[in-house]
$ cat model_4.pdb   # PDB, C-alpha atoms, pLDDT in the B column
ATOM      1  CA  MET A   1      79.912  73.797 102.413  1.00 55.00           C
ATOM      2  CA  LEU A   2      82.194  71.438 100.522  1.00 68.00           C
ATOM      3  CA  GLU A   3      82.844  72.264  96.919  1.00 81.00           C
ATOM      4  CA  THR A   4      83.941  69.818  94.303  1.00 92.00           C
ATOM      5  CA  GLU A   5      87.326  70.132  92.673  1.00 91.00           C
ATOM      6  CA  GLY A   6      85.605  70.593  89.321  1.00 92.00           C
ATOM      7  CA  ARG A   7      83.567  73.515  90.627  1.00 95.00           C
ATOM      8  CA  LEU A   8      86.638  75.145  92.181  1.00 95.00           C
ATOM      9  CA  ARG A   9      88.594  74.749  88.927  1.00 94.00           C
ATOM     10  CA  ARG A  10      85.730  76.360  86.971  1.00 95.00           C
ATOM     11  CA  ASP A  11      85.659  79.248  89.447  1.00 96.00           C
ATOM     12  CA  VAL A  12      89.428  79.710  89.145  1.00 96.00           C
ATOM     13  CA  THR A  13      89.182  79.724  85.339  1.00 95.00           C
ATOM     14  CA  GLU A  14      86.314  82.238  85.360  1.00 96.00           C
ATOM     15  CA  LEU A  15      88.181  84.537  87.743  1.00 97.00           C
ATOM     16  CA  LEU A  16      91.314  84.206  85.609  1.00 96.00           C
ATOM     17  CA  ASP A  17      89.240  85.163  82.540  1.00 95.00           C
ATOM     18  CA  SER A  18      87.985  88.236  84.402  1.00 96.00           C
ATOM     19  CA  LEU A  19      91.510  89.270  85.444  1.00 95.00           C
ATOM     20  CA  ARG A  20      92.770  88.877  81.886  1.00 94.00           C
ATOM     21  CA  GLU A  21      89.896  90.968  80.529  1.00 94.00           C
ATOM     22  CA  LEU A  22      90.336  93.697  83.168  1.00 94.00           C
ATOM     23  CA  GLY A  23      93.997  94.094  82.176  1.00 92.00           C
ATOM     24  CA  ALA A  24      93.203  93.950  78.453  1.00 92.00           C
ATOM     25  CA  GLY A  25      95.378  90.856  78.470  1.00 92.00           C
ATOM     26  CA  ARG A  26      96.019  88.242  75.858  1.00 90.00           C
ATOM     27  CA  TRP A  27      96.880  85.407  78.252  1.00 92.00           C
ATOM     28  CA  ALA A  28      96.774  84.578  81.952  1.00 94.00           C
ATOM     29  CA  ALA A  29      97.727  81.546  84.004  1.00 95.00           C
ATOM     30  CA  VAL A  30      97.694  80.158  87.508  1.00 96.00           C
ATOM     31  CA  PHE A  31     100.836  78.131  88.128  1.00 96.00           C
ATOM     32  CA  ASP A  32     102.889  76.424  90.785  1.00 94.00           C
ATOM     33  CA  ALA A  33     106.485  75.207  90.746  1.00 91.00           C
ATOM     34  CA  LYS A  34     105.450  72.177  88.672  1.00 91.00           C
ATOM     35  CA  GLY A  35     103.705  74.083  85.868  1.00 92.00           C
ATOM     36  CA  VAL A  36     100.440  75.597  84.678  1.00 93.00           C
ATOM     37  CA  VAL A  37      97.374  74.838  86.817  1.00 94.00           C
ATOM     38  CA  ALA A  38      94.830  76.880  84.802  1.00 94.00           C
ATOM     39  CA  GLU A  39      95.001  79.299  81.883  1.00 92.00           C
ATOM     40  CA  SER A  40      92.909  81.822  80.008  1.00 92.00           C
ATOM     41  CA  PRO A  41      92.018  81.588  77.229  1.00 87.00           C
ATOM     42  CA  GLY A  42      91.852  77.818  77.343  1.00 73.00           C
ATOM     43  CA  GLU A  43      93.260  77.346  73.857  1.00 70.00           C
ATOM     44  CA  ALA A  44      96.574  79.122  73.531  1.00 62.00           C
ATOM     45  CA  SER A  45      98.110  80.366  70.284  1.00 63.00           C
ATOM     46  CA  GLU A  46     101.808  80.055  69.467  1.00 61.00           C
ATOM     47  CA  GLY A  47     102.698  83.244  71.381  1.00 62.00           C
ATOM     48  CA  GLU A  48     100.913  82.006  74.455  1.00 74.00           C
ATOM     49  CA  TRP A  49     102.628  78.623  74.201  1.00 77.00           C
ATOM     50  CA  VAL A  50     105.932  80.442  74.590  1.00 81.00           C
ATOM     51  CA  LEU A  51     104.624  82.011  77.811  1.00 84.00           C
ATOM     52  CA  ARG A  52     103.350  78.622  78.952  1.00 86.00           C
ATOM     53  CA  ARG A  53     106.828  77.247  78.309  1.00 88.00           C
ATOM     54  CA  LEU A  54     108.309  80.078  80.420  1.00 86.00           C
ATOM     55  CA  ILE A  55     106.169  78.911  83.338  1.00 90.00           C
ATOM     56  CA  GLN A  56     107.026  75.255  82.779  1.00 90.00           C
ATOM     57  CA  ASP A  57     110.743  76.017  82.630  1.00 90.00           C
ATOM     58  CA  SER A  58     110.929  78.818  85.217  1.00 88.00           C
ATOM     59  CA  GLY A  59     107.867  78.463  87.451  1.00 89.00           C
ATOM     60  CA  ALA A  60     109.916  78.112  90.630  1.00 90.00           C
ATOM     61  CA  THR A  61     111.987  81.169  89.700  1.00 89.00           C
ATOM     62  CA  LEU A  62     108.849  83.201  88.973  1.00 92.00           C
ATOM     63  CA  LEU A  63     107.510  82.308  92.421  1.00 92.00           C
ATOM     64  CA  ARG A  64     110.674  83.821  93.938  1.00 90.00           C
ATOM     65  CA  VAL A  65     110.520  87.134  92.022  1.00 89.00           C
ATOM     66  CA  PRO A  66     108.650  89.157  94.707  1.00 86.00           C
ATOM     67  CA  ALA A  67     110.950  87.946  97.499  1.00 83.00           C
ATOM     68  CA  ALA A  68     114.024  88.668  95.370  1.00 81.00           C
ATOM     69  CA  LEU A  69     112.821  92.188  94.614  1.00 80.00           C
ATOM     70  CA  HIS A  70     111.996  92.796  98.257  1.00 78.00           C
ATOM     71  CA  GLY A  71     115.433  91.538  99.284  1.00 76.00           C
ATOM     72  CA  GLY A  72     117.237  93.525  96.601  1.00 74.00           C
ATOM     73  CA  GLN A  73     118.607  90.388  94.904  1.00 78.00           C
ATOM     74  CA  GLU A  74     119.709  90.513  91.283  1.00 79.00           C
ATOM     75  CA  MET A  75     117.741  88.307  88.879  1.00 74.00           C
ATOM     76  CA  ASP A  76     117.787  87.697  85.171  1.00 76.00           C
ATOM     77  CA  ASP A  77     114.950  89.465  83.362  1.00 78.00           C
ATOM     78  CA  LEU A  78     112.711  86.531  82.445  1.00 80.00           C
ATOM     79  CA  PHE A  79     110.338  88.869  80.610  1.00 80.00           C
ATOM     80  CA  ASP A  80     112.863  90.547  78.308  1.00 78.00           C
ATOM     81  CA  PRO A  81     111.738  88.720  75.128  1.00 77.00           C
ATOM     82  CA  TRP A  82     108.221  90.223  75.350  1.00 77.00           C
ATOM     83  CA  ALA A  83     108.558  93.842  74.244  1.00 77.00           C
ATOM     84  CA  ALA A  84     104.861  94.272  73.448  1.00 82.00           C
ATOM     85  CA  ASP A  85     103.496  93.094  76.796  1.00 88.00           C
ATOM     86  CA  GLU A  86     103.410  94.207  80.362  1.00 93.00           C
ATOM     87  CA  PHE A  87     103.026  91.550  83.041  1.00 93.00           C
ATOM     88  CA  TRP A  88     101.223  91.363  86.337  1.00 96.00           C
ATOM     89  CA  LEU A  89     102.543  88.703  88.675  1.00 96.00           C
ATOM     90  CA  ALA A  90     100.930  87.696  91.960  1.00 97.00           C
ATOM     91  CA  VAL A  91     102.453  85.089  94.270  1.00 95.00           C
ATOM     92  CA  LEU A  92     100.413  83.510  97.056  1.00 95.00           C
ATOM     93  CA  ASN A  93     102.407  82.211 100.036  1.00 92.00           C
ATOM     94  CA  GLY A  94     105.396  81.650  97.747  1.00 91.00           C
ATOM     95  CA  ARG A  95     103.638  78.516  96.436  1.00 92.00           C
ATOM     96  CA  VAL A  96     101.258  79.469  93.641  1.00 95.00           C
ATOM     97  CA  GLY A  97     101.338  82.332  91.173  1.00 96.00           C
ATOM     98  CA  VAL A  98      99.139  84.197  88.747  1.00 97.00           C
ATOM     99  CA  LEU A  99     100.729  85.676  85.639  1.00 96.00           C
ATOM    100  CA  VAL A 100      98.848  87.967  83.254  1.00 95.00           C
ATOM    101  CA  ALA A 101     100.371  89.182  79.974  1.00 93.00           C
ATOM    102  CA  CYS A 102      98.493  92.409  79.360  1.00 93.00           C
ATOM    103  CA  ALA A 103      98.474  95.892  77.911  1.00 91.00           C
ATOM    104  CA  ASP A 104      98.159  97.731  81.234  1.00 92.00           C
ATOM    105  CA  ALA A 105      99.537  95.892  84.271  1.00 94.00           C
ATOM    106  CA  ALA A 106      99.366  98.986  86.487  1.00 94.00           C
ATOM    107  CA  ARG A 107      95.633  99.338  85.847  1.00 94.00           C
ATOM    108  CA  LEU A 108      95.161  95.660  86.562  1.00 96.00           C
ATOM    109  CA  GLU A 109      97.045  96.078  89.846  1.00 96.00           C
ATOM    110  CA  ALA A 110      94.937  99.092  90.811  1.00 96.00           C
ATOM    111  CA  GLU A 111      91.516  97.695  89.914  1.00 96.00           C
ATOM    112  CA  SER A 112      91.697  93.974  90.663  1.00 96.00           C
ATOM    113  CA  ALA A 113      91.432  93.799  94.463  1.00 95.00           C
ATOM    114  CA  GLN A 114      88.002  92.135  94.596  1.00 96.00           C
ATOM    115  CA  LEU A 115      88.827  89.636  91.854  1.00 96.00           C
ATOM    116  CA  VAL A 116      92.154  88.780  93.468  1.00 96.00           C
ATOM    117  CA  ARG A 117      90.535  88.228  96.887  1.00 95.00           C
ATOM    118  CA  ALA A 118      88.027  85.835  95.324  1.00 96.00           C
ATOM    119  CA  LEU A 119      90.751  84.056  93.349  1.00 96.00           C
ATOM    120  CA  VAL A 120      92.916  83.636  96.464  1.00 94.00           C
ATOM    121  CA  ASP A 121      89.949  82.112  98.299  1.00 93.00           C
ATOM    122  CA  ARG A 122      89.299  79.637  95.490  1.00 95.00           C
ATOM    123  CA  LEU A 123      92.980  78.707  95.147  1.00 95.00           C
ATOM    124  CA  LEU A 124      93.329  78.008  98.866  1.00 92.00           C
ATOM    125  CA  ARG A 125      90.237  75.798  98.719  1.00 90.00           C
ATOM    126  CA  LEU A 126      91.430  74.044  95.560  1.00 92.00           C
ATOM    127  CA  ASN A 127      94.771  73.007  97.042  1.00 88.00           C
ATOM    128  CA  PRO A 128      95.098  73.148 100.840  1.00 86.00           C
ATOM    129  CA  ALA A 129      98.905  72.767 100.532  1.00 84.00           C
ATOM    130  CA  TRP A 130      98.996  76.318  99.136  1.00 86.00           C
ATOM    131  CA  ARG A 131      97.805  77.566 102.544  1.00 86.00           C
ATOM    132  CA  LEU A 132     101.328  76.985 103.816  1.00 75.00           C
ATOM    133  CA  ASP A 133     104.154  79.278 102.835  1.00 68.00           C
ATOM    134  CA  GLU A 134     107.382  78.006 101.305  1.00 69.00           C
ATOM    135  CA  ARG A 135     108.700  77.299 104.819  1.00 67.00           C
ATOM    136  CA  GLY A 136     105.651  75.257 105.849  1.00 63.00           C
ATOM    137  CA  ARG A 137     104.044  77.963 107.988  1.00 64.00           C
ATOM    138  CA  GLY A 138     100.577  79.474 107.888  1.00 62.00           C
ATOM    139  CA  LEU A 139      97.930  76.748 107.869  1.00 56.00           C
ATOM    140  CA  PHE A 140      96.187  77.879 111.036  1.00 52.00           C
ATOM    141  CA  PHE A 141      97.921  81.134 111.949  1.00 59.00           C
ATOM    142  CA  GLY A 142      97.773  84.451 110.150  1.00 64.00           C
ATOM    143  CA  SER A 143      96.434  85.334 106.758  1.00 79.00           C
ATOM    144  CA  PRO A 144      97.809  84.300 103.389  1.00 86.00           C
ATOM    145  CA  ARG A 145     100.718  86.335 102.027  1.00 87.00           C
ATOM    146  CA  LEU A 146     100.051  87.810  98.611  1.00 92.00           C
ATOM    147  CA  ASP A 147     102.842  89.643  96.815  1.00 94.00           C
ATOM    148  CA  THR A 148     102.225  91.398  93.507  1.00 95.00           C
ATOM    149  CA  VAL A 149     104.621  92.818  90.943  1.00 93.00           C
ATOM    150  CA  VAL A 150     103.933  95.016  87.921  1.00 94.00           C
ATOM    151  CA  ILE A 151     106.457  94.293  85.174  1.00 91.00           C
ATOM    152  CA  PRO A 152     106.467  97.056  82.529  1.00 90.00           C
ATOM    153  CA  ARG A 153     107.560  96.777  78.924  1.00 78.00           C
ATOM    154  CA  PRO A 154     111.361  96.419  78.449  1.00 69.00           C
ATOM    155  CA  ALA A 155     111.846 100.036  77.385  1.00 64.00           C
ATOM    156  CA  GLU A 156     110.182 101.188  80.619  1.00 59.00           C
ATOM    157  CA  ARG A 157     112.205  98.704  82.710  1.00 49.00           C
ATOM    158  CA  ASP A 158     115.477 100.078  81.297  1.00 53.00           C
ATOM    159  CA  ALA A 159     114.551 103.713  81.897  1.00 51.00           C
TER
END
$ encode --input "model_4.pdb" --output "structure tokens"
Amino acid sequence: MLETEGRLRRDVTELLDSLRELGAGRWAAVFDAKGVVAESPGEASEGEWVLRRLIQDSGATLLRVPAALHGGQEMDDLFDPWAADEFWLAVLNGRVGVLVACADAARLEAESAQLVRALVDRLLRLNPAWRLDERGRGLFFGSPRLDTVVIPRPAERDA
């Protein structure tokens, strides 16, 4: 069954809304290296515009966070300015990410498996290029690689 791009985008937005609500979040976005693909809520306030700007300025860096953590590489703390929020970051095949600014990122991580599976399916249908990893592998072989990171509040990160 072929689905229209409009339908897939609506599905992605609805799933993003559900993820944001599950994490008691104030803002969530799907992004790639070029910028924001979808966001929730649709109309962002000034605080959310700052997060949107983070993605526009540092989207490629955000997509490398899980690999850097896995490899033990040092990185600047991109989330340091947000003392009131925790963040949940998911990166699919190193190409597309989901960022949720929320109150409880660990709970979101623990309880979002079904939503994330559905979102991954919709994202891979929306943009077939995301089926490949950053090295161009994966279109027909293996399953997509999904890396997630829970980013606590700054005080908890420093402890």
$ residues_around --input "model_4.pdb" --residues "Asp80 (chain A)" --least-positions-apart "3" --cutoff "9 Å" --atoms "only C-alpha atoms" --output "PyMOL selection string"
chain A and resi 76-77+83+153-154
$ residues_around --input "model_4.pdb" --residues "Ala101 (chain A)" --least-positions-apart "6" --cutoff "6 Å" --atoms "all atoms listed in the file" --output "list in words"
Gly25, Trp27, Asp85, Glu86 and Phe87 of chain A
$ atom_distance --input "model_4.pdb" --atom1 "CA of Ser143 (chain A)" --atom2 "CA of Gly94 (chain A)"
13.2 Å
$ atom_distance --input "model_4.pdb" --atom1 "CA of Glu39 (chain A)" --atom2 "CA of Arg20 (chain A)"
9.8 Å
$ residues_near_point --input "model_4.pdb" --point "(97.3, 85.6, 101.8)" --cutoff "12 Å" --atoms "all atoms listed in the file" --output "PyMOL selection string"
chain A and resi 90-97+116-124+130-133+137-139+141-148
$ closest_residue --input "model_4.pdb" --among "A:Leu99, A:Ala105, A:Leu126, A:Met75" --to "Leu54 (chain A)" --atoms "only C-alpha atoms"
A:Leu99
$ atom_distance --input "model_4.pdb" --atom1 "CA of Gln114 (chain A)" --atom2 "CA of Leu8 (chain A)"
17.2 Å
$ closest_residue --input "model_4.pdb" --among "A:Phe79, A:Glu5, A:Ser112, A:Ala103" --to "Val50 (chain A)" --atoms "only C-alpha atoms"
A:Phe79
$ resolve_selection --input "model_4.pdb" --expression "the PyMOL selection byres ((chain A and resi 23) around 6)" --output "list in words"
Arg20, Glu21, Leu22, Ala24, Gly25, Cys102, Asp104 and Leu108 of chain A
$ closest_residue --input "model_4.pdb" --among "A:Val30, A:Arg125, A:Leu69, A:Val149" --to "Arg7 (chain A)" --atoms "only C-alpha atoms"
A:Arg125
$ residues_around --input "model_4.pdb" --residues "Ile55 (chain A)" --least-positions-apart "2" --cutoff "10 Å" --atoms "all atoms listed in the file" --output "PyMOL selection string"
chain A and resi 29-36+49-53+57-63+97+99
$ resolve_selection --input "model_4.pdb" --expression "the PyMOL selection byres ((chain A and resi 42) around 10)" --output "PyMOL selection string"
chain A and resi 13+17+27-29+38-41+43-45
